[in-house]
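The structure file start.tsv is reproduced below (TSV, C-alpha atoms).
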```tsv
chain	number	residue	atom	x	y	z
A	10	MET	CA	-91.64	-109.20	-33.80
A	11	ALA	CA	-93.53	-109.95	-30.58
A	12	ALA	CA	-94.86	-113.16	-32.12
A	13	ALA	CA	-91.34	-114.19	-33.09
A	14	PHE	CA	-90.15	-113.69	-29.51
A	15	HIS	CA	-93.08	-115.67	-28.17
A	16	SER	CA	-92.54	-118.66	-30.42
A	17	ARG	CA	-88.79	-118.74	-29.87
A	18	PHE	CA	-88.74	-118.20	-26.09
A	19	GLY	CA	-91.62	-120.15	-24.60
A	20	ASP	CA	-90.66	-119.62	-20.97
A	21	ARG	CA	-92.02	-116.94	-18.66
A	22	GLN	CA	-89.12	-114.55	-19.29
A	23	GLY	CA	-89.63	-114.90	-23.01
A	24	ARG	CA	-93.36	-114.26	-22.70
A	25	ASN	CA	-92.72	-111.10	-20.66
A	26	LEU	CA	-90.24	-109.92	-23.24
A	27	ALA	CA	-92.71	-110.63	-26.02
A	28	ARG	CA	-95.39	-108.62	-24.17
A	29	GLU	CA	-93.06	-105.62	-23.79
A	30	VAL	CA	-92.18	-105.76	-27.47
A	31	ARG	CA	-95.89	-105.96	-28.36
A	32	ASP	CA	-96.64	-102.93	-26.18
A	33	LEU	CA	-93.86	-101.00	-27.87
A	34	GLU	CA	-95.16	-102.00	-31.29
A	35	THR	CA	-98.59	-100.68	-30.30
A	36	LYS	CA	-97.16	-97.40	-29.09
A	37	TRP	CA	-94.73	-96.91	-31.95
A	38	PRO	CA	-97.03	-95.24	-34.51
A	39	ARG	CA	-98.16	-92.70	-31.90
A	40	LEU	CA	-94.57	-92.07	-30.77
A	41	ALA	CA	-93.50	-91.70	-34.38
A	42	ARG	CA	-96.27	-89.17	-34.98
A	43	THR	CA	-95.32	-87.22	-31.87
A	44	ARG	CA	-91.69	-87.12	-32.90
A	45	ALA	CA	-92.64	-86.04	-36.39
A	46	LYS	CA	-94.58	-83.13	-34.94
A	47	THR	CA	-91.58	-81.84	-33.01
A	48	LEU	CA	-89.50	-81.86	-36.17
A	49	THR	CA	-91.65	-79.50	-38.20
A	50	LEU	CA	-93.09	-76.08	-37.54
A	51	ASP	CA	-96.87	-76.24	-37.95
A	52	PHE	CA	-97.98	-73.01	-39.65
A	53	GLY	CA	-101.67	-73.99	-39.63
A	54	ARG	CA	-102.76	-71.09	-37.45
A	55	ILE	CA	-101.15	-68.33	-39.52
A	56	GLU	CA	-101.62	-69.55	-43.09
A	57	HIS	CA	-104.75	-67.44	-43.45
A	58	LEU	CA	-102.40	-64.44	-43.20
A	59	LEU	CA	-99.35	-65.51	-45.15
A	60	SER	CA	-97.79	-68.35	-47.06
A	61	PRO	CA	-94.75	-69.68	-45.18
A	62	ALA	CA	-93.83	-71.73	-48.25
A	63	ALA	CA	-93.06	-68.45	-50.03
A	64	LEU	CA	-90.37	-67.76	-47.43
A	65	GLN	CA	-88.64	-71.11	-47.32
A	66	ASP	CA	-86.05	-70.31	-49.99
A	67	LYS	CA	-85.41	-66.73	-48.90
A	68	LYS	CA	-82.00	-66.11	-47.37
A	69	ILE	CA	-81.35	-63.42	-44.80
A	70	VAL	CA	-78.01	-62.04	-43.69
A	71	GLN	CA	-78.43	-60.60	-40.22
A	72	VAL	CA	-75.89	-58.30	-38.60
A	73	GLY	CA	-76.28	-58.19	-34.82
A	74	VAL	CA	-78.26	-60.64	-32.73
A	75	GLY	CA	-78.38	-58.66	-29.52
A	76	SER	CA	-81.35	-57.34	-27.58
A	77	GLY	CA	-83.02	-56.00	-30.74
A	78	GLY	CA	-81.67	-58.41	-33.34
A	79	ALA	CA	-82.62	-61.57	-31.48
A	80	PRO	CA	-86.35	-60.80	-31.19
A	81	ALA	CA	-86.48	-59.52	-34.79
A	82	CYS	CA	-84.99	-62.85	-35.89
A	83	ASP	CA	-87.37	-64.76	-33.61
A	84	HIS	CA	-90.46	-63.25	-35.23
A	85	LEU	CA	-89.30	-63.83	-38.78
A	86	THR	CA	-88.40	-67.44	-37.91
A	87	MET	CA	-91.86	-68.03	-36.43
A	88	ASN	CA	-93.37	-66.79	-39.69
A	89	GLY	CA	-91.39	-69.14	-41.89
A	90	VAL	CA	-87.99	-67.59	-42.65
A	91	ARG	CA	-85.52	-70.44	-42.31
A	92	ASN	CA	-82.26	-69.61	-44.11
A	93	TRP	CA	-80.04	-67.46	-41.97
A	94	ILE	CA	-76.47	-66.21	-41.91
A	95	LEU	CA	-75.86	-64.53	-38.57
A	96	TYR	CA	-73.07	-62.07	-37.80
A	97	ASP	CA	-72.13	-60.95	-34.30
A	98	PRO	CA	-68.71	-61.13	-32.67
A	99	GLU	CA	-69.96	-60.84	-29.09
A	100	PRO	CA	-70.88	-63.39	-26.40
A	101	LEU	CA	-73.90	-62.99	-24.15
A	102	GLU	CA	-72.96	-61.36	-20.84
A	103	THR	CA	-74.77	-61.13	-17.53
A	104	ILE	CA	-75.34	-57.39	-18.09
A	105	ASN	CA	-77.40	-58.31	-21.20
A	106	LEU	CA	-79.95	-60.29	-19.17
A	107	VAL	CA	-82.21	-57.29	-18.52
A	108	LYS	CA	-82.66	-56.76	-22.27
A	109	HIS	CA	-81.74	-59.88	-24.23
A	110	PRO	CA	-84.43	-62.57	-24.42
A	111	ARG	CA	-82.12	-65.56	-23.90
A	112	GLY	CA	-81.42	-67.32	-20.62
A	113	ARG	CA	-78.75	-67.42	-17.98
A	114	ASN	CA	-77.55	-70.80	-19.26
A	115	SER	CA	-76.34	-69.01	-22.42
A	116	ILE	CA	-73.95	-66.67	-20.61
A	117	ASP	CA	-70.49	-66.52	-22.21
A	118	LYS	CA	-71.68	-68.33	-25.34
A	119	PRO	CA	-71.44	-66.52	-28.71
A	120	LYS	CA	-74.71	-64.75	-29.48
A	121	VAL	CA	-74.74	-66.19	-33.01
A	122	GLU	CA	-74.63	-69.74	-31.65
A	123	ILE	CA	-77.32	-69.00	-29.07
A	124	GLN	CA	-79.55	-67.65	-31.84
A	125	ARG	CA	-78.76	-70.59	-34.13
A	126	ASP	CA	-79.85	-73.00	-31.39
A	127	TRP	CA	-83.07	-71.03	-30.83
A	128	ILE	CA	-83.91	-71.04	-34.56
A	129	LEU	CA	-83.23	-74.77	-34.93
A	130	ASP	CA	-85.27	-75.55	-31.83
A	131	ARG	CA	-88.21	-73.60	-33.25
A	132	ASN	CA	-87.81	-74.85	-36.81
A	133	PRO	CA	-85.58	-77.91	-37.21
A	134	CYS	CA	-85.86	-77.52	-40.99
A	135	ALA	CA	-83.98	-74.23	-40.80
A	136	SER	CA	-80.47	-73.71	-42.11
A	137	VAL	CA	-78.31	-71.38	-40.02
A	138	THR	CA	-74.72	-70.27	-40.52
A	139	PRO	CA	-73.38	-68.55	-37.42
A	140	ARG	CA	-70.43	-66.25	-38.06
A	141	ARG	CA	-68.80	-64.90	-34.94
A	142	GLU	CA	-67.17	-62.18	-36.98
A	143	ASP	CA	-66.99	-58.41	-37.18
A	144	VAL	CA	-68.39	-57.44	-40.58
A	145	PHE	CA	-65.57	-54.91	-41.06
A	146	ASP	CA	-62.99	-57.71	-40.94
A	147	SER	CA	-65.00	-60.60	-42.34
A	148	GLU	CA	-63.84	-62.27	-45.53
A	149	ASN	CA	-67.29	-63.82	-45.95
A	150	PHE	CA	-69.56	-60.84	-45.56
A	151	ARG	CA	-69.67	-59.52	-49.12
A	152	ASP	CA	-70.10	-62.99	-50.57
A	153	ASP	CA	-72.90	-63.76	-48.11
A	154	VAL	CA	-74.65	-60.49	-48.97
A	155	SER	CA	-74.37	-61.17	-52.69
A	156	GLN	CA	-76.30	-64.43	-52.24
A	157	SER	CA	-78.93	-63.05	-49.90
A	158	ASP	CA	-82.49	-61.80	-50.42
A	159	LEU	CA	-82.43	-59.28	-47.58
A	160	ILE	CA	-80.10	-57.83	-44.96
A	161	LEU	CA	-81.42	-57.39	-41.44
A	162	CYS	CA	-79.24	-54.68	-39.94
A	163	CYS	CA	-79.31	-54.70	-36.11
A	164	PRO	CA	-75.86	-53.60	-34.89
A	165	ASP	CA	-75.11	-51.54	-31.82
A	166	LYS	CA	-72.91	-48.97	-33.52
A	167	ARG	CA	-73.61	-46.21	-36.03
A	168	GLU	CA	-70.51	-46.93	-38.11
A	169	VAL	CA	-71.53	-50.58	-38.55
A	170	ARG	CA	-75.00	-49.49	-39.61
A	171	SER	CA	-73.57	-47.16	-42.25
A	172	PHE	CA	-71.09	-49.78	-43.48
A	173	VAL	CA	-73.72	-52.50	-43.82
A	174	ASN	CA	-76.00	-50.14	-45.72
A	175	SER	CA	-73.20	-49.13	-48.09
A	176	ILE	CA	-72.68	-52.82	-48.88
A	177	ALA	CA	-76.43	-53.17	-49.47
A	178	VAL	CA	-76.27	-50.39	-52.06
A	179	GLN	CA	-73.18	-51.91	-53.66
A	180	PHE	CA	-74.87	-55.30	-54.09
A	181	GLN	CA	-78.37	-53.88	-54.65
A	182	LYS	CA	-79.94	-55.80	-51.80
A	183	PRO	CA	-82.86	-54.69	-49.63
A	184	CYS	CA	-81.68	-53.70	-46.17
A	185	VAL	CA	-83.89	-53.13	-43.12
A	186	THR	CA	-82.18	-51.24	-40.31
A	187	GLY	CA	-83.41	-50.82	-36.76
A	188	SER	CA	-82.13	-48.70	-33.92
A	189	VAL	CA	-83.36	-47.42	-30.57
A	190	PHE	CA	-83.06	-43.81	-29.44
A	191	ARG	CA	-81.42	-42.60	-26.27
A	192	GLN	CA	-83.03	-43.89	-23.10
A	193	GLY	CA	-85.44	-45.95	-25.20
A	194	ILE	CA	-87.71	-42.97	-25.86
A	195	GLY	CA	-88.34	-44.37	-29.30
A	196	GLY	CA	-86.61	-45.86	-32.28
A	197	GLU	CA	-86.68	-46.11	-36.03
A	198	VAL	CA	-86.81	-48.67	-38.78
A	199	TYR	CA	-85.53	-47.81	-42.22
A	200	ALA	CA	-85.99	-49.99	-45.30
A	201	TYR	CA	-83.74	-49.49	-48.29
A	202	VAL	CA	-85.24	-51.08	-51.39
A	203	PRO	CA	-82.99	-50.82	-54.46
A	204	ALA	CA	-84.41	-48.59	-57.22
A	205	GLN	CA	-87.49	-47.81	-55.14
A	206	THR	CA	-86.36	-45.93	-52.05
A	207	GLY	CA	-83.49	-43.77	-51.03
A	208	CYS	CA	-80.61	-45.48	-49.29
A	209	PHE	CA	-79.76	-45.09	-45.61
A	210	ALA	CA	-77.43	-42.20	-46.47
A	211	CYS	CA	-80.31	-40.39	-48.26
A	212	MET	CA	-82.35	-40.68	-45.07
A	213	GLU	CA	-79.54	-39.47	-42.82
A	214	ARG	CA	-78.95	-36.56	-45.15
A	215	VAL	CA	-82.51	-35.28	-45.10
A	216	ALA	CA	-82.74	-35.73	-41.32
A	217	SER	CA	-79.58	-33.68	-40.91
A	218	GLU	CA	-80.80	-30.99	-43.32
A	219	GLN	CA	-84.11	-30.72	-41.50
A	220	GLY	CA	-82.57	-30.76	-38.04
A	221	TRP	CA	-84.54	-33.83	-36.99
A	222	ASN	CA	-82.33	-34.73	-34.06
A	223	ILE	CA	-83.74	-35.85	-30.75
A	224	ASN	CA	-80.49	-35.10	-28.97
A	225	ASP	CA	-81.17	-31.38	-29.32
A	226	SER	CA	-84.36	-31.83	-27.31
A	227	ILE	CA	-83.66	-34.17	-24.43
A	228	GLN	CA	-81.42	-33.53	-21.48
A	229	PRO	CA	-78.81	-36.14	-20.61
A	230	THR	CA	-79.50	-38.27	-17.55
A	231	ALA	CA	-77.18	-38.00	-14.55
A	232	HIS	CA	-75.66	-41.32	-15.59
A	233	GLU	CA	-75.06	-40.05	-19.14
A	234	GLU	CA	-73.44	-36.86	-17.80
A	235	GLU	CA	-71.14	-38.87	-15.59
A	236	MET	CA	-70.12	-41.17	-18.45
A	237	ILE	CA	-69.76	-38.43	-21.08
A	238	TYR	CA	-68.15	-35.67	-19.05
A	239	GLY	CA	-66.78	-37.57	-16.05
A	240	ARG	CA	-65.34	-40.60	-17.80
A	241	ASN	CA	-64.93	-39.07	-21.27
A	242	VAL	CA	-67.05	-41.71	-23.04
A	243	ARG	CA	-68.21	-39.23	-25.67
A	244	ASP	CA	-70.76	-41.41	-27.47
A	245	PHE	CA	-72.31	-42.92	-24.36
A	246	GLN	CA	-76.11	-43.20	-24.38
A	247	ALA	CA	-78.29	-44.60	-21.64
A	248	SER	CA	-80.12	-47.73	-22.72
A	249	GLY	CA	-83.85	-48.28	-23.00
A	250	LEU	CA	-85.88	-51.01	-21.35
A	251	SER	CA	-86.25	-54.42	-22.94
A	252	MET	CA	-89.79	-53.54	-24.07
A	253	ASP	CA	-88.62	-50.23	-25.55
A	254	ILE	CA	-86.14	-52.15	-27.67
A	255	GLN	CA	-88.47	-54.98	-28.65
A	256	MET	CA	-91.18	-52.57	-29.85
A	257	ILE	CA	-88.71	-51.46	-32.52
A	258	ALA	CA	-87.53	-55.01	-33.23
A	259	ILE	CA	-91.09	-56.11	-33.94
A	260	ILE	CA	-91.61	-53.23	-36.39
A	261	GLN	CA	-88.32	-54.17	-38.04
A	262	ALA	CA	-89.46	-57.78	-38.43
A	263	ARG	CA	-92.82	-56.68	-39.81
A	264	VAL	CA	-91.25	-54.35	-42.39
A	265	SER	CA	-88.88	-57.17	-43.41
A	266	LEU	CA	-91.77	-59.58	-43.82
A	267	ASP	CA	-93.39	-57.15	-46.25
A	268	LEU	CA	-90.29	-57.07	-48.39
A	269	LEU	CA	-89.77	-60.84	-48.35
A	270	LEU	CA	-93.33	-61.74	-49.33
A	271	GLU	CA	-94.81	-61.10	-52.73
A	272	PRO	CA	-98.29	-59.54	-52.46
A	273	SER	CA	-99.81	-62.84	-53.58
A	274	ALA	CA	-98.19	-64.64	-50.63
A	275	ARG	CA	-99.77	-62.52	-47.92
A	276	HIS	CA	-103.29	-61.51	-47.05
A	277	PHE	CA	-102.61	-58.10	-45.53
A	278	PRO	CA	-101.69	-54.80	-47.16
A	279	SER	CA	-98.09	-53.66	-47.33
A	280	ILE	CA	-96.79	-50.84	-45.18
A	281	PRO	CA	-96.91	-47.64	-47.29
A	282	SER	CA	-93.80	-46.03	-45.78
A	283	ASN	CA	-90.16	-47.11	-45.77
A	284	TRP	CA	-89.09	-45.11	-42.70
A	285	ILE	CA	-90.97	-45.48	-39.45
A	286	ILE	CA	-90.11	-43.41	-36.41
A	287	PHE	CA	-91.80	-44.88	-33.37
A	288	TYR	CA	-92.08	-43.15	-30.01
A	289	ASN	CA	-92.44	-45.34	-26.96
A	290	ARG	CA	-93.25	-42.32	-24.80
A	291	PRO	CA	-93.30	-38.52	-25.01
A	292	THR	CA	-89.98	-36.78	-25.47
A	293	PRO	CA	-89.31	-34.62	-22.39
A	294	GLY	CA	-89.42	-30.90	-23.21
A	295	SER	CA	-90.56	-31.45	-26.79
A	296	LYS	CA	-93.79	-31.64	-28.75
A	297	SER	CA	-92.57	-34.80	-30.42
A	298	GLY	CA	-93.57	-38.27	-29.57
A	299	GLY	CA	-96.38	-39.53	-27.43
A	300	TYR	CA	-97.24	-42.94	-26.17
A	301	PHE	CA	-96.80	-45.54	-28.90
A	302	LYS	CA	-97.00	-42.96	-31.66
A	303	ALA	CA	-95.54	-43.47	-35.12
A	304	GLU	CA	-94.45	-41.11	-37.87
A	305	HIS	CA	-94.45	-42.64	-41.35
A	306	LEU	CA	-92.10	-41.30	-44.02
A	307	ARG	CA	-91.27	-42.27	-47.57
A	308	VAL	CA	-87.85	-41.39	-48.98
A	309	ARG	CA	-87.14	-41.34	-52.71
A	310	PRO	CA	-83.59	-41.89	-54.01
A	311	ARG	CA	-81.80	-38.53	-53.94
A	312	LYS	CA	-80.87	-37.42	-57.46
A	313	ASP	CA	-77.21	-36.91	-56.70
A	314	CYS	CA	-76.78	-39.98	-54.48
A	315	GLN	CA	-74.92	-43.06	-55.67
A	316	CYS	CA	-78.03	-45.17	-54.95
A	317	ALA	CA	-79.96	-43.25	-57.63
A	318	ALA	CA	-77.27	-43.86	-60.23
A	319	ARG	CA	-77.58	-47.64	-60.00
B	14	MET	CA	-120.60	-39.32	-21.00
B	15	ALA	CA	-118.66	-38.05	-24.00
B	16	GLU	CA	-120.49	-37.37	-27.23
B	17	HIS	CA	-120.07	-39.89	-29.99
B	18	SER	CA	-117.58	-38.75	-32.64
B	19	SER	CA	-119.03	-37.94	-36.01
B	20	GLU	CA	-118.27	-40.15	-39.01
B	21	GLU	CA	-116.45	-37.24	-40.61
B	22	LEU	CA	-114.21	-36.79	-37.60
B	23	LEU	CA	-113.37	-40.48	-37.50
B	24	ARG	CA	-112.45	-40.42	-41.18
B	25	ASN	CA	-110.20	-37.42	-40.63
B	26	GLN	CA	-108.48	-39.08	-37.71
B	27	THR	CA	-107.74	-42.24	-39.61
B	28	GLN	CA	-106.49	-40.71	-42.83
B	29	GLU	CA	-103.12	-42.03	-43.82
B	30	GLU	CA	-100.48	-39.40	-43.20
B	31	ILE	CA	-97.15	-39.99	-44.81
B	32	ILE	CA	-94.31	-37.51	-44.99
B	33	GLU	CA	-92.75	-37.68	-48.44
B	34	ILE	CA	-89.15	-36.77	-49.24
B	35	ASP	CA	-88.69	-36.38	-52.98
B	36	GLU	CA	-85.62	-36.93	-55.17
B	37	ASN	CA	-84.43	-33.38	-54.49
B	38	GLY	CA	-84.66	-33.80	-50.73
B	39	VAL	CA	-87.77	-31.63	-50.49
B	40	VAL	CA	-90.14	-32.59	-47.70
B	41	HIS	CA	-93.86	-32.84	-48.44
B	42	ALA	CA	-96.24	-33.16	-45.51
B	43	ILE	CA	-99.88	-32.19	-45.93
B	44	GLY	CA	-101.08	-29.82	-43.25
B	45	ARG	CA	-97.73	-29.50	-41.52
B	46	THR	CA	-95.10	-26.78	-41.43
B	47	PRO	CA	-91.29	-27.15	-41.44
B	48	SER	CA	-91.05	-25.80	-37.90
B	49	GLY	CA	-93.88	-28.10	-36.84
B	50	LEU	CA	-92.09	-31.07	-38.34
B	51	LYS	CA	-88.85	-30.10	-36.64
B	52	SER	CA	-90.53	-30.24	-33.28
B	53	THR	CA	-92.44	-33.44	-33.90
B	54	VAL	CA	-90.25	-35.60	-36.14
B	55	LEU	CA	-87.08	-36.49	-34.33
B	56	ARG	CA	-84.53	-39.25	-34.69
B	57	ASP	CA	-81.36	-40.21	-32.92
B	58	PRO	CA	-78.42	-40.52	-35.32
B	59	GLU	CA	-76.43	-42.30	-32.62
B	60	GLY	CA	-79.25	-44.68	-31.74
B	61	GLU	CA	-78.35	-48.31	-31.30
B	62	TYR	CA	-79.68	-51.70	-30.29
B	63	TYR	CA	-77.63	-51.80	-27.09
B	64	GLY	CA	-76.15	-55.31	-27.37
```
As C-alpha cells, please, write out the structure in this file.
Amino acid sequence: MAAAFHSRFGDRQGRNLAREVRDLETKWPRLARTRAKTLTLDFGRIEHLLSPAALQDKKIVQVGVGSGGAPACDHLTMNGVRNWILYDPEPLETINLVKHPRGRNSIDKPKVEIQRDWILDRNPCASVTPRREDVFDSENFRDDVSQSDLILCCPDKREVRSFVNSIAVQFQKPCVTGSVFRQGIGGEVYAYVPAQTGCFACMERVASEQGWNINDSIQPTAHEEEMIYGRNVRDFQASGLSMDIQMIAIIQARVSLDLLLEPSARHFPSIPSNWIIFYNRPTPGSKSGGYFKAEHLRVRPRKDCQCAAR
Amino acid sequence: MAEHSSEELLRNQTQEEIIEIDENGVVHAIGRTPSGLKSTVLRDPEGEYYG
C-alpha cells in the first residue's frame, strides 16, 4: 500500500504519507500479535497442574457474587471456567468496599454486571449471563440449574442457601456452598455430590444432632448485643475481615475445581472430604479452632433423606 | 535447639484424619470422643458471606 501511495502522489506530502503507511505496515504484525494476546487467557503456566480445555464447556450457576462469591468466581475463572450464569439482586455499596474486591468506580452498579465485566476482562472468550434476580422469584433459575454442571452457592442468607441446595437435589446437580462464621472466626464449605454425598440438609441435621454450634461457645460482641437486643435485629452477626472471608472463598473454589475436573484432567489428588470447616483463628472460650486449622468431614446420604431416595 | 522429630512422630502428625458420618447419621472419628468432637468441631448455622 505504501508503494501505491508513493507512485500515485509523487510530491513531498505524498512521500510523507507513504512513509507513515510503510511504518504502520511494518508495525502491524507486532500490533496484531499484541492484540491477539490480550484476547486470550494464556494458561501456559498452570497446564502442568490442570487442563483448562477440560473446563471450557462446563457451565456454572453462581448464586451470590458478594465478598465471598466474587473471589470464588475469580479463582475458577483464572483456572479456565468460562461459562457463567450469575445471580445476585444487589448493587455494590460503599459499605462493601472493606470486604468486596472490586473498586470504587463500581459503586451502585449491579454486582452481577461488575463480575461479568471482570470475567470478560480476564477471559474474553468467556460467556456470562448476569441475572440481577432473587432466586426465590426468578423464572429462569430452575431452567438454568437444569442445564448447569455445578452450582456455586454463595448467598448471604441461610434461607437462600437451603433453597438453592433443595433445587440442587431436585435436579441432581453438584452444589458447593460456602459461608463464614460470626466475626469471621472461621467458615465452612460443603459439597453436595448427587448419589455420593449427603445433601446440605443431611449435613445440617447431623450438626444439629451433635450440637456442633459455634454460637453456643462465643460471646456476642458489644456491637452484636446492641443490634440484637437494642435494635431487635435478631439474626444480626458481626462480619469478618476481607481475608477471613476470602480464605473460605478460596477453599470453595478449590473444592469446586475438584468436582469440575475429571481425574485425568488434573495432576493433583482430589480432596478426600466433602465438608471442610476452616478456622481462621481460635474460638474464644473454646477448645475448637486454632490458627488456619481445618476439620475434614465426609457425609454419606442419610437413609431416610430425600437425597438418598434419588 | 529443639530435638529433631522422629520419623514416626512425623508420620503420625500427617496422617489423614477424616470424620465420617454414615448413612444412619452415626459419627466415626478415630481417636476422638463425642464430647471431644463437640468442643472442637463447631459450625455456624447462620453463617453467611456478608454481601
Select, as a PyMOL selection string, those residues of chain B with any atom no more than 10 Å from chain A (distances computed using all atoms listed in the file). chain B and resi 29-42+47-64
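What separates atom CA of Leu85 of chain A from atom CA of Arg263 of chain A is a distance of 8.0 Å.
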Figure out the distance between atom CA of Ser147 of chain A and atom CA of Asn88 of chain A, please, to one decimal in Å.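 Between atom CA of Asn88 of chain A and atom CA of Ser147 of chain A the gap works out to 29.2 Å.
Note that atom CA of Lys67 of chain A and atom CA of Gln205 of chain A are 20.0 Å apart.
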Nearest residue to Met252 of chain A from the set A:Gly239, A:Pro133, A:Pro119, A:Pro80 (distances using all atoms listed in the file):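 Distance minimum relative to Met252 of chain A lands on A:Pro80.
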Please determine, counting all atoms listed in the file, which residue among A:Leu266, A:Arg240, A:Gln179, A:Ser279 has the shortest atom-to-atom distance to Ala81 of chain A. A:Leu266
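For Ser155 of chain A, the non-local neighbours within 12 Å, defined as residues at least 4 positions apart in the same chain or in other chains and counting only C-alpha atoms, are Lys68, Ile69, Val70, Asn149, Phe150, Arg151, Leu159, Ile160, Ile176, Ala177, Val178, Gln179, Phe180, Gln181, Lys182 and Pro183 of chain A.
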Around segment 212-215 of chain A, fit a box with edges along x, y and z, padding it by 4 Å on each side, then list its centre and edge lengths in Å to one decimal as lines of an AutoDock Vina configuration file.
```
center_x = -80.7
center_y = -38.0
center_z = -44.0
size_x = 11.6
size_y = 13.4
size_z = 10.3
```
